[in-house]
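Undergrad: Contents are PDB, C-alpha atoms and all ligand atoms; file name run-v3.pdb:
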```
ATOM      1  CA  MET A  24      59.205  10.243  51.693  1.00  0.00           C
ATOM      2  CA  SER A  25      61.852  10.227  54.381  1.00  0.00           C
ATOM      3  CA  ILE A  26      65.543   9.611  53.634  1.00  0.00           C
ATOM      4  CA  GLN A  27      66.443   6.143  54.899  1.00  0.00           C
ATOM      5  CA  ILE A  28      70.017   4.886  55.204  1.00  0.00           C
ATOM      6  CA  THR A  29      70.432   1.271  56.236  1.00  0.00           C
ATOM      7  CA  ILE A  30      73.553  -0.368  57.659  1.00  0.00           C
ATOM      8  CA  ASP A  31      73.403  -4.139  57.992  1.00  0.00           C
ATOM      9  CA  GLY A  32      76.192  -6.504  58.888  1.00  0.00           C
ATOM     10  CA  PRO A  33      77.470  -9.089  61.361  1.00  0.00           C
ATOM     11  CA  ALA A  34      77.895  -8.596  65.113  1.00  0.00           C
ATOM     12  CA  GLY A  35      80.780  -6.350  66.082  1.00  0.00           C
ATOM     13  CA  ALA A  36      81.322  -4.795  62.644  1.00  0.00           C
ATOM     14  CA  GLY A  37      80.954  -1.342  64.203  1.00  0.00           C
ATOM     15  CA  LYS A  38      77.489  -0.708  62.788  1.00  0.00           C
ATOM     16  CA  SER A  39      76.059   1.129  65.770  1.00  0.00           C
ATOM     17  CA  THR A  40      79.082   3.390  66.350  1.00  0.00           C
ATOM     18  CA  ILE A  41      79.200   4.274  62.675  1.00  0.00           C
ATOM     19  CA  ALA A  42      75.441   4.621  62.238  1.00  0.00           C
ATOM     20  CA  LYS A  43      75.313   6.959  65.255  1.00  0.00           C
ATOM     21  CA  LYS A  44      78.134   9.142  63.907  1.00  0.00           C
ATOM     22  CA  LEU A  45      76.627   9.272  60.447  1.00  0.00           C
ATOM     23  CA  ALA A  46      73.224  10.209  61.875  1.00  0.00           C
ATOM     24  CA  GLN A  47      74.851  12.959  63.951  1.00  0.00           C
ATOM     25  CA  LYS A  48      76.585  14.360  60.869  1.00  0.00           C
ATOM     26  CA  LEU A  49      73.402  14.339  58.834  1.00  0.00           C
ATOM     27  CA  LYS A  50      71.242  15.490  61.748  1.00  0.00           C
ATOM     28  CA  PHE A  51      69.094  12.418  61.124  1.00  0.00           C
ATOM     29  CA  ARG A  52      67.469  10.147  63.639  1.00  0.00           C
ATOM     30  CA  TYR A  53      69.356   6.966  64.571  1.00  0.00           C
ATOM     31  CA  LEU A  54      67.766   3.596  65.287  1.00  0.00           C
ATOM     32  CA  SER A  55      69.428   0.373  66.338  1.00  0.00           C
ATOM     33  CA  SER A  56      66.860  -2.252  65.356  1.00  0.00           C
ATOM     34  CA  GLY A  57      68.524  -4.876  67.571  1.00  0.00           C
ATOM     35  CA  LEU A  58      67.203  -2.950  70.602  1.00  0.00           C
ATOM     36  CA  PHE A  59      63.731  -4.366  70.044  1.00  0.00           C
ATOM     37  CA  TYR A  60      64.980  -7.957  69.817  1.00  0.00           C
ATOM     38  CA  ARG A  61      67.104  -7.401  72.911  1.00  0.00           C
ATOM     39  CA  GLY A  62      64.101  -5.951  74.778  1.00  0.00           C
ATOM     40  CA  ILE A  63      61.946  -8.933  73.839  1.00  0.00           C
ATOM     41  CA  THR A  64      64.710 -11.293  74.998  1.00  0.00           C
ATOM     42  CA  LEU A  65      64.948  -9.440  78.320  1.00  0.00           C
ATOM     43  CA  GLU A  66      61.227  -9.835  78.955  1.00  0.00           C
ATOM     44  CA  ALA A  67      61.082 -13.452  77.776  1.00  0.00           C
ATOM     45  CA  LEU A  68      63.943 -14.410  80.100  1.00  0.00           C
ATOM     46  CA  LYS A  69      62.250 -12.563  82.956  1.00  0.00           C
ATOM     47  CA  TYR A  70      59.107 -14.685  82.521  1.00  0.00           C
ATOM     48  CA  SER A  71      61.056 -17.882  81.696  1.00  0.00           C
ATOM     49  CA  ILE A  72      59.495 -18.129  78.235  1.00  0.00           C
ATOM     50  CA  LYS A  73      61.532 -20.420  75.987  1.00  0.00           C
ATOM     51  CA  PRO A  74      62.455 -19.237  72.455  1.00  0.00           C
ATOM     52  CA  ASN A  75      60.477 -22.088  70.880  1.00  0.00           C
ATOM     53  CA  ASP A  76      57.320 -21.462  72.934  1.00  0.00           C
ATOM     54  CA  SER A  77      55.803 -19.469  70.103  1.00  0.00           C
ATOM     55  CA  ASP A  78      52.342 -18.836  71.596  1.00  0.00           C
ATOM     56  CA  LYS A  79      53.671 -17.443  74.857  1.00  0.00           C
ATOM     57  CA  LEU A  80      56.315 -15.405  73.097  1.00  0.00           C
ATOM     58  CA  ILE A  81      53.844 -13.772  70.707  1.00  0.00           C
ATOM     59  CA  PHE A  82      51.412 -13.150  73.555  1.00  0.00           C
ATOM     60  CA  LEU A  83      54.213 -11.448  75.452  1.00  0.00           C
ATOM     61  CA  VAL A  84      55.275  -9.267  72.513  1.00  0.00           C
ATOM     62  CA  LYS A  85      51.686  -8.212  71.810  1.00  0.00           C
ATOM     63  CA  ASN A  86      51.072  -7.336  75.427  1.00  0.00           C
ATOM     64  CA  ILE A  87      54.107  -5.327  76.368  1.00  0.00           C
ATOM     65  CA  ASP A  88      54.297  -1.622  75.733  1.00  0.00           C
ATOM     66  CA  MET A  89      57.685  -1.240  74.060  1.00  0.00           C
ATOM     67  CA  HIS A  90      58.755   2.090  72.635  1.00  0.00           C
ATOM     68  CA  LEU A  91      61.675   4.480  72.388  1.00  0.00           C
ATOM     69  CA  GLU A  92      62.132   7.729  74.299  1.00  0.00           C
ATOM     70  CA  ASN A  93      65.233   9.712  73.372  1.00  0.00           C
ATOM     71  CA  ASN A  94      66.492   6.531  71.730  1.00  0.00           C
ATOM     72  CA  ARG A  95      66.265   4.580  74.978  1.00  0.00           C
ATOM     73  CA  LEU A  96      64.086   1.505  75.139  1.00  0.00           C
ATOM     74  CA  ILE A  97      61.127   1.735  77.488  1.00  0.00           C
ATOM     75  CA  ILE A  98      59.177  -1.408  78.348  1.00  0.00           C
ATOM     76  CA  ASN A  99      55.972  -1.058  80.346  1.00  0.00           C
ATOM     77  CA  GLY A 100      57.125   2.334  81.581  1.00  0.00           C
ATOM     78  CA  GLU A 101      60.601   1.184  82.691  1.00  0.00           C
ATOM     79  CA  ASP A 102      63.795   2.404  81.022  1.00  0.00           C
ATOM     80  CA  VAL A 103      65.566  -0.917  80.313  1.00  0.00           C
ATOM     81  CA  GLN A 104      68.332   0.465  78.106  1.00  0.00           C
ATOM     82  CA  ASN A 105      71.110  -0.386  80.581  1.00  0.00           C
ATOM     83  CA  LYS A 106      69.966  -4.007  80.801  1.00  0.00           C
ATOM     84  CA  LEU A 107      70.187  -4.812  77.106  1.00  0.00           C
ATOM     85  CA  ASN A 108      73.867  -5.690  76.742  1.00  0.00           C
ATOM     86  CA  SER A 109      74.261  -8.334  79.417  1.00  0.00           C
ATOM     87  CA  GLU A 110      75.982 -11.632  78.668  1.00  0.00           C
ATOM     88  CA  ASP A 111      72.661 -13.367  79.115  1.00  0.00           C
ATOM     89  CA  ILE A 112      71.008 -11.306  76.412  1.00  0.00           C
ATOM     90  CA  ASN A 113      73.993 -11.540  74.047  1.00  0.00           C
ATOM     91  CA  LYS A 114      73.855 -15.305  74.363  1.00  0.00           C
ATOM     92  CA  ASN A 115      70.088 -15.668  73.876  1.00  0.00           C
ATOM     93  CA  VAL A 116      68.919 -12.906  71.546  1.00  0.00           C
ATOM     94  CA  SER A 117      69.673 -14.798  68.316  1.00  0.00           C
ATOM     95  CA  SER A 118      67.290 -17.567  69.390  1.00  0.00           C
ATOM     96  CA  TYR A 119      64.405 -15.301  70.406  1.00  0.00           C
ATOM     97  CA  CYS A 120      64.482 -13.342  67.169  1.00  0.00           C
ATOM     98  CA  LEU A 121      63.835 -16.441  65.032  1.00  0.00           C
ATOM     99  CA  ASN A 122      60.064 -16.335  65.396  1.00  0.00           C
ATOM    100  CA  GLN A 123      58.465 -15.018  62.189  1.00  0.00           C
ATOM    101  CA  LYS A 124      55.470 -13.406  63.928  1.00  0.00           C
ATOM    102  CA  VAL A 125      57.732 -11.680  66.419  1.00  0.00           C
ATOM    103  CA  ARG A 126      59.833 -10.420  63.514  1.00  0.00           C
ATOM    104  CA  ASN A 127      56.724  -9.143  61.722  1.00  0.00           C
ATOM    105  CA  LEU A 128      55.663  -7.161  64.785  1.00  0.00           C
ATOM    106  CA  VAL A 129      59.156  -5.662  65.163  1.00  0.00           C
ATOM    107  CA  THR A 130      59.333  -4.929  61.419  1.00  0.00           C
ATOM    108  CA  GLU A 131      56.058  -2.950  61.633  1.00  0.00           C
ATOM    109  CA  LYS A 132      57.451  -0.887  64.500  1.00  0.00           C
ATOM    110  CA  ILE A 133      60.651  -0.116  62.612  1.00  0.00           C
ATOM    111  CA  ARG A 134      58.838   0.821  59.386  1.00  0.00           C
ATOM    112  CA  ASP A 135      56.564   3.126  61.313  1.00  0.00           C
ATOM    113  CA  ILE A 136      59.515   4.992  62.801  1.00  0.00           C
ATOM    114  CA  ALA A 137      61.501   5.036  59.535  1.00  0.00           C
ATOM    115  CA  ASN A 138      58.641   6.367  57.436  1.00  0.00           C
ATOM    116  CA  ASN A 139      58.252   9.370  59.694  1.00  0.00           C
ATOM    117  CA  SER A 140      61.798  10.705  59.916  1.00  0.00           C
ATOM    118  CA  ASP A 141      65.049  10.972  57.980  1.00  0.00           C
ATOM    119  CA  ILE A 142      66.950   8.158  59.603  1.00  0.00           C
ATOM    120  CA  VAL A 143      70.032   5.924  59.785  1.00  0.00           C
ATOM    121  CA  LEU A 144      69.202   2.390  60.926  1.00  0.00           C
ATOM    122  CA  ASP A 145      71.377  -0.579  61.702  1.00  0.00           C
ATOM    123  CA  GLY A 146      70.519  -4.258  61.936  1.00  0.00           C
ATOM    124  CA  ARG A 147      70.579  -7.561  60.096  1.00  0.00           C
ATOM    125  CA  ASP A 148      67.606  -7.419  57.727  1.00  0.00           C
ATOM    126  CA  ILE A 149      66.923  -3.709  57.379  1.00  0.00           C
ATOM    127  CA  GLY A 150      68.032  -3.254  53.762  1.00  0.00           C
ATOM    128  CA  SER A 151      66.987  -6.732  52.660  1.00  0.00           C
ATOM    129  CA  LYS A 152      63.582  -7.058  54.317  1.00  0.00           C
ATOM    130  CA  VAL A 153      62.389  -4.147  56.427  1.00  0.00           C
ATOM    131  CA  LEU A 154      63.171  -1.265  54.049  1.00  0.00           C
ATOM    132  CA  PRO A 155      64.123  -2.754  50.669  1.00  0.00           C
ATOM    133  CA  ASN A 156      63.491   0.624  48.987  1.00  0.00           C
ATOM    134  CA  ALA A 157      65.727   2.607  51.336  1.00  0.00           C
ATOM    135  CA  THR A 158      67.565   5.610  49.884  1.00  0.00           C
ATOM    136  CA  LEU A 159      70.993   4.023  50.368  1.00  0.00           C
ATOM    137  CA  LYS A 160      71.986   0.647  51.762  1.00  0.00           C
ATOM    138  CA  PHE A 161      75.333  -0.355  53.245  1.00  0.00           C
ATOM    139  CA  TYR A 162      76.622  -3.742  54.332  1.00  0.00           C
ATOM    140  CA  LEU A 163      79.383  -3.261  56.869  1.00  0.00           C
ATOM    141  CA  THR A 164      81.677  -6.128  57.682  1.00  0.00           C
ATOM    142  CA  ALA A 165      85.143  -6.986  59.071  1.00  0.00           C
ATOM    143  CA  SER A 166      86.991 -10.223  59.821  1.00  0.00           C
ATOM    144  CA  ASP A 167      85.702 -12.131  62.850  1.00  0.00           C
ATOM    145  CA  TYR A 168      89.099 -11.679  64.549  1.00  0.00           C
ATOM    146  CA  THR A 169      88.955  -7.887  64.096  1.00  0.00           C
ATOM    147  CA  ARG A 170      85.370  -7.748  65.332  1.00  0.00           C
ATOM    148  CA  ALA A 171      86.188  -9.826  68.420  1.00  0.00           C
ATOM    149  CA  LYS A 172      89.251  -7.679  69.145  1.00  0.00           C
ATOM    150  CA  ARG A 173      87.196  -4.475  68.986  1.00  0.00           C
ATOM    151  CA  ARG A 174      84.515  -5.904  71.273  1.00  0.00           C
ATOM    152  CA  TYR A 175      87.149  -7.227  73.693  1.00  0.00           C
ATOM    153  CA  GLU A 176      88.776  -3.792  73.943  1.00  0.00           C
ATOM    154  CA  GLN A 177      85.384  -2.259  74.685  1.00  0.00           C
ATOM    155  CA  LEU A 178      84.139  -4.849  77.209  1.00  0.00           C
ATOM    156  CA  SER A 179      87.368  -5.718  79.046  1.00  0.00           C
ATOM    157  CA  LYS A 180      87.426  -2.197  80.524  1.00  0.00           C
ATOM    158  CA  ASP A 181      84.445  -3.062  82.715  1.00  0.00           C
ATOM    159  CA  MET A 182      84.415  -6.833  83.015  1.00  0.00           C
ATOM    160  CA  ASP A 183      86.695  -9.780  83.392  1.00  0.00           C
ATOM    161  CA  ILE A 184      86.293 -11.577  80.085  1.00  0.00           C
ATOM    162  CA  LYS A 185      88.556 -13.637  77.828  1.00  0.00           C
ATOM    163  CA  PHE A 186      89.277 -12.751  74.210  1.00  0.00           C
ATOM    164  CA  SER A 187      88.676 -16.378  73.213  1.00  0.00           C
ATOM    165  CA  THR A 188      85.162 -16.285  74.750  1.00  0.00           C
ATOM    166  CA  ILE A 189      84.262 -13.197  72.756  1.00  0.00           C
ATOM    167  CA  LEU A 190      85.629 -14.654  69.512  1.00  0.00           C
ATOM    168  CA  GLU A 191      83.590 -17.790  70.111  1.00  0.00           C
ATOM    169  CA  GLN A 192      80.417 -15.772  70.802  1.00  0.00           C
ATOM    170  CA  ILE A 193      80.922 -13.709  67.629  1.00  0.00           C
ATOM    171  CA  ARG A 194      81.344 -16.874  65.561  1.00  0.00           C
ATOM    172  CA  GLU A 195      78.248 -18.447  67.096  1.00  0.00           C
ATOM    173  CA  ARG A 196      76.183 -15.333  66.454  1.00  0.00           C
ATOM    174  CA  ASP A 197      77.431 -15.170  62.818  1.00  0.00           C
ATOM    175  CA  GLU A 198      76.497 -18.788  62.346  1.00  0.00           C
ATOM    176  CA  GLN A 199      72.993 -18.223  63.747  1.00  0.00           C
ATOM    177  CA  ASP A 200      72.326 -14.893  62.030  1.00  0.00           C
ATOM    178  CA  MET A 201      73.625 -15.943  58.589  1.00  0.00           C
ATOM    179  CA  ASN A 202      72.238 -19.459  58.434  1.00  0.00           C
ATOM    180  CA  ARG A 203      68.789 -19.042  59.906  1.00  0.00           C
ATOM    181  CA  LYS A 204      65.841 -19.745  57.602  1.00  0.00           C
ATOM    182  CA  ILE A 205      63.936 -16.577  58.503  1.00  0.00           C
ATOM    183  CA  ASP A 206      65.380 -13.231  57.405  1.00  0.00           C
ATOM    184  CA  PRO A 207      69.022 -14.339  57.455  1.00  0.00           C
ATOM    185  CA  LEU A 208      71.806 -11.797  57.400  1.00  0.00           C
ATOM    186  CA  VAL A 209      72.590 -11.285  53.702  1.00  0.00           C
ATOM    187  CA  VAL A 210      74.080  -8.522  51.604  1.00  0.00           C
ATOM    188  CA  PRO A 211      70.926  -6.638  50.521  1.00  0.00           C
ATOM    189  CA  ASP A 212      70.320  -6.091  46.796  1.00  0.00           C
ATOM    190  CA  SER A 213      72.183  -3.007  45.577  1.00  0.00           C
ATOM    191  CA  ALA A 214      73.930  -2.499  48.932  1.00  0.00           C
ATOM    192  CA  ILE A 215      77.428  -1.015  49.072  1.00  0.00           C
ATOM    193  CA  VAL A 216      79.748  -3.420  50.892  1.00  0.00           C
ATOM    194  CA  ILE A 217      82.388  -1.866  53.160  1.00  0.00           C
ATOM    195  CA  ASN A 218      84.990  -4.064  54.835  1.00  0.00           C
ATOM    196  CA  SER A 219      86.237  -2.058  57.805  1.00  0.00           C
ATOM    197  CA  SER A 220      88.991  -4.471  58.956  1.00  0.00           C
ATOM    198  CA  ASP A 221      91.718  -1.947  58.098  1.00  0.00           C
ATOM    199  CA  MET A 222      89.692   1.226  58.379  1.00  0.00           C
ATOM    200  CA  SER A 223      89.112   3.638  61.248  1.00  0.00           C
ATOM    201  CA  ILE A 224      85.600   4.704  62.237  1.00  0.00           C
ATOM    202  CA  GLU A 225      86.164   8.120  60.658  1.00  0.00           C
ATOM    203  CA  GLU A 226      87.328   6.566  57.400  1.00  0.00           C
ATOM    204  CA  VAL A 227      84.176   4.448  57.185  1.00  0.00           C
ATOM    205  CA  VAL A 228      81.916   7.410  57.974  1.00  0.00           C
ATOM    206  CA  ASP A 229      83.735   9.563  55.374  1.00  0.00           C
ATOM    207  CA  LYS A 230      83.310   6.851  52.775  1.00  0.00           C
ATOM    208  CA  MET A 231      79.569   6.699  53.470  1.00  0.00           C
ATOM    209  CA  VAL A 232      79.314  10.482  53.339  1.00  0.00           C
ATOM    210  CA  ASN A 233      81.007  10.406  49.915  1.00  0.00           C
ATOM    211  CA  TYR A 234      78.371   8.026  48.599  1.00  0.00           C
ATOM    212  CA  LEU A 235      75.634  10.219  50.042  1.00  0.00           C
ATOM    213  CA  ASN A 236      77.151  13.292  48.437  1.00  0.00           C
ATOM    214  CA  LYS A 237      77.120  11.526  45.098  1.00  0.00           C
ATOM    215  CA  LEU A 238      73.406  10.891  45.594  1.00  0.00           C
ATOM    216  CA  GLY A 239      72.860  14.546  46.374  1.00  0.00           C
ATOM    217  CA  VAL A 240      71.926  14.008  50.034  1.00  0.00           C
ATOM    218  CA  VAL A 241      73.013  17.248  51.711  1.00  0.00           C
ATOM    219  CA  ILE A 242      75.608  16.871  54.463  1.00  0.00           C
ATOM    220  CA  TYR A 243      75.482  19.244  57.384  1.00  0.00           C
ATOM    221  CA  GLU A 244      78.789  19.491  59.240  1.00  0.00           C
ATOM    222  CA  LYS A 245      78.416  19.683  63.035  1.00  0.00           C
TER     223      LYS A 245
HETATM  224  O1  LIG A 301      72.521  -5.340  66.546  1.00  0.00           O
HETATM  225  P1  LIG A 301      72.443  -6.114  67.838  1.00  0.00           P
HETATM  226  O2  LIG A 301      73.727  -6.811  68.214  1.00  0.00           O
HETATM  227  O3  LIG A 301      71.897  -5.314  68.965  1.00  0.00           O
HETATM  228  O4  LIG A 301      71.375  -7.269  67.545  1.00  0.00           O
HETATM  229  C1  LIG A 301      71.165  -8.309  68.464  1.00  0.00           C
HETATM  230  C2  LIG A 301      70.624  -9.522  67.742  1.00  0.00           C
HETATM  231  O5  LIG A 301      69.289  -9.259  67.290  1.00  0.00           O
HETATM  232  C3  LIG A 301      71.392  -9.969  66.498  1.00  0.00           C
HETATM  233  O6  LIG A 301      72.448 -10.855  66.794  1.00  0.00           O
HETATM  234  C4  LIG A 301      70.334 -10.649  65.665  1.00  0.00           C
HETATM  235  O7  LIG A 301      70.211 -11.982  66.078  1.00  0.00           O
HETATM  236  C5  LIG A 301      69.061  -9.897  66.055  1.00  0.00           C
HETATM  237  N1  LIG A 301      68.670  -8.907  65.068  1.00  0.00           N
HETATM  238  C6  LIG A 301      67.909  -9.322  63.994  1.00  0.00           C
HETATM  239  N2  LIG A 301      67.476  -8.411  63.071  1.00  0.00           N
HETATM  240  C7  LIG A 301      67.792  -7.114  63.184  1.00  0.00           C
HETATM  241  C8  LIG A 301      68.583  -6.662  64.274  1.00  0.00           C
HETATM  242  C9  LIG A 301      69.024  -7.595  65.189  1.00  0.00           C
HETATM  243  O8  LIG A 301      67.611 -10.505  63.864  1.00  0.00           O
HETATM  244  N3  LIG A 301      67.351  -6.250  62.281  1.00  0.00           N
END
```
Would you mind writing the file out in structure tokens?
TA:
Amino acid sequence: MSIQITIDGPAGAGKSTIAKKLAQKLKFRYLSSGLFYRGITLEALKYSIKPNDSDKLIFLVKNIDMHLENNRLIINGEDVQNKLNSEDINKNVSSYCLNQKVRNLVTEKIRDIANNSDIVLDGRDIGSKVLPNATLKFYLTASDYTRAKRRYEQLSKDMDIKFSTILEQIRERDEQDMNRKIDPLVVPDSAIVINSSDMSIEEVVDKMVNYLNKLGVVIYEK
């Protein structure tokens, strides 16, 4: 069986940066599961399908060819990776990912990838639902203020955006992701919780590597 390391947690906790670095260190594959939900949101918005129009949404998901090439999302032959972080998608993705059938289809895709390669994955329900028997599970969090500050520093380089707007969006997304009925964001059973509010990226990665060493997962330095 492949080695599977899951990193779940709220928006802006640094999951993707950390998961990518950890995967690089281990020479494992990296997968951001949110990419699929973002891709579905992109397509649904394109065809003006509402999040609660279940039939149309499922039809759409079943009929698009959505896969990864070099970790970039390809939908119907088009590389859409650069379109997945727009304001529009950030605002809407939490509503489109509420549909159970859509989630089941995405879950199948993720399991398929994870069962075929040693991998680090990040998301909201990876350790709790998608891969409950993963080799090691982490739950990465930080205060909402810290998470908003990090995102602001990243985004304000390229766009004119207010800190207060980002903080509000983070709080809204937390509210939706943690309180939804279907696959809510929870600390998975037996997950190691890391609060990164006062930690650098390297410190978090080192901490994870220490846990992996204890498990006997071999670490390859770059
Ligand atoms: O991780 P990312 O910010 O790209 O995820 C976008 C959104 O997709 C999340 O806010 C969440 O609503 C949804 N998501 C999910 N389950 C996952 C990954 C993401 O519901 N495993």
Undergrad: So which one's closest to Lys172 (chain A), A:Ile142, A:Leu208, A:Ala36, A:Ile133? Using all atoms listed in the file, please.
TA: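 Closest candidate: A:Ala36.
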Undergrad: Provide the CA of Asp78 (chain A) to CA of Pro155 (chain A) distance in Å, to one decimal place.
TA: 28.9 Å
Undergrad: Residues within 12 Å of Asp200 (chain A), please, as an NGL selection string. Count all atoms listed in the file; anything in the same chain fewer than 5 positions from it doesn't count.
TA: :A and (31-34 or 116-121 or 146-148 or 192-195 or 205-209)
Undergrad: Can you tell me which residues surround Asp229 (chain A) at a distance of at most 12 Å, considering only C-alpha atoms, apart from same-chain residues fewer than 3 positions away, and format the answer as a count of residues only?
TA: 19
Undergrad: Quick one: of A:Ile189, A:Ile72, A:Ile63, A:Ala214, who's nearest to ligand LIG 301 (chain A), counting all atoms listed in the file?
TA: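 Smallest separation from ligand LIG 301 (chain A) among the options: A:Ile63.
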Undergrad: Do you have the CA of Ala165 (chain A)-CA of Leu65 (chain A) distance handy?
TA: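 These atoms are spaced 28.0 Å apart.
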Undergrad: Mind telling me what the PyMOL selection byres (((chain A and resi 55) around 9) and not hetatm) catches here, as an MDAnalysis selection string?
TA: chainID A and resid 38:39 42:43 53:54 56:59 94 143:146
Undergrad: With the file shown as input, list the residues that the PyMOL selection byres (((chain A and resi 96) around 12) and not hetatm) selects, as JSON, numbers by chain.
TA: {"A": [54, 55, 56, 57, 58, 59, 60, 61, 62, 63, 65, 88, 89, 90, 91, 92, 93, 94, 95, 97, 98, 99, 100, 101, 102, 103, 104, 105, 106, 107]}
Undergrad: Using all atoms listed in the file, which residues sit within 10 Å of Ser219 (chain A) once same-chain residues fewer than 6 positions away are excluded, as a list in words?
TA: Ala36, Gly37, Leu163, Thr164, Ala165, Ser166, Thr169, Arg170, Glu226 and Val227 of chain A
Undergrad: Write to file, as an mmCIF file, in the frame of the given file, the residues of the selection just made, with C-alpha atoms.
TA:
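Dumped everything to out_22.cif:
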```cif
data_model
loop_
_atom_site.group_PDB
_atom_site.id
_atom_site.type_symbol
_atom_site.label_atom_id
_atom_site.label_comp_id
_atom_site.auth_asym_id
_atom_site.auth_seq_id
_atom_site.Cartn_x
_atom_site.Cartn_y
_atom_site.Cartn_z
ATOM 1 C CA ALA A 36 81.322 -4.795 62.644
ATOM 2 C CA GLY A 37 80.954 -1.342 64.203
ATOM 3 C CA LEU A 163 79.383 -3.261 56.869
ATOM 4 C CA THR A 164 81.677 -6.128 57.682
ATOM 5 C CA ALA A 165 85.143 -6.986 59.071
ATOM 6 C CA SER A 166 86.991 -10.223 59.821
ATOM 7 C CA THR A 169 88.955 -7.887 64.096
ATOM 8 C CA ARG A 170 85.370 -7.748 65.332
ATOM 9 C CA GLU A 226 87.328 6.566 57.400
ATOM 10 C CA VAL A 227 84.176 4.448 57.185
#
```
Undergrad: Can you measure CA of Asn113 (chain A) to CA of Pro74 (chain A) for me? One decimal in Å is fine.
TA: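 Computed distance, CA of Asn113 (chain A) to CA of Pro74 (chain A), equals 14.0 Å.
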Undergrad: Ranking A:Arg174, A:Arg126, A:Lys230, A:Arg134 by minimum distance to ligand LIG 301 (chain A) and counting only C-alpha atoms and all ligand atoms, which one comes first?
TA: A:Arg126
Undergrad: Choose the residue, out of A:Met231, A:Ala46, A:Ile26, A:Met201, that has the smallest atom-to-atom separation from Thr158 (chain A); count only C-alpha atoms.
TA: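 Checking each candidate against Thr158 (chain A), we get A:Ile26 as the closest.
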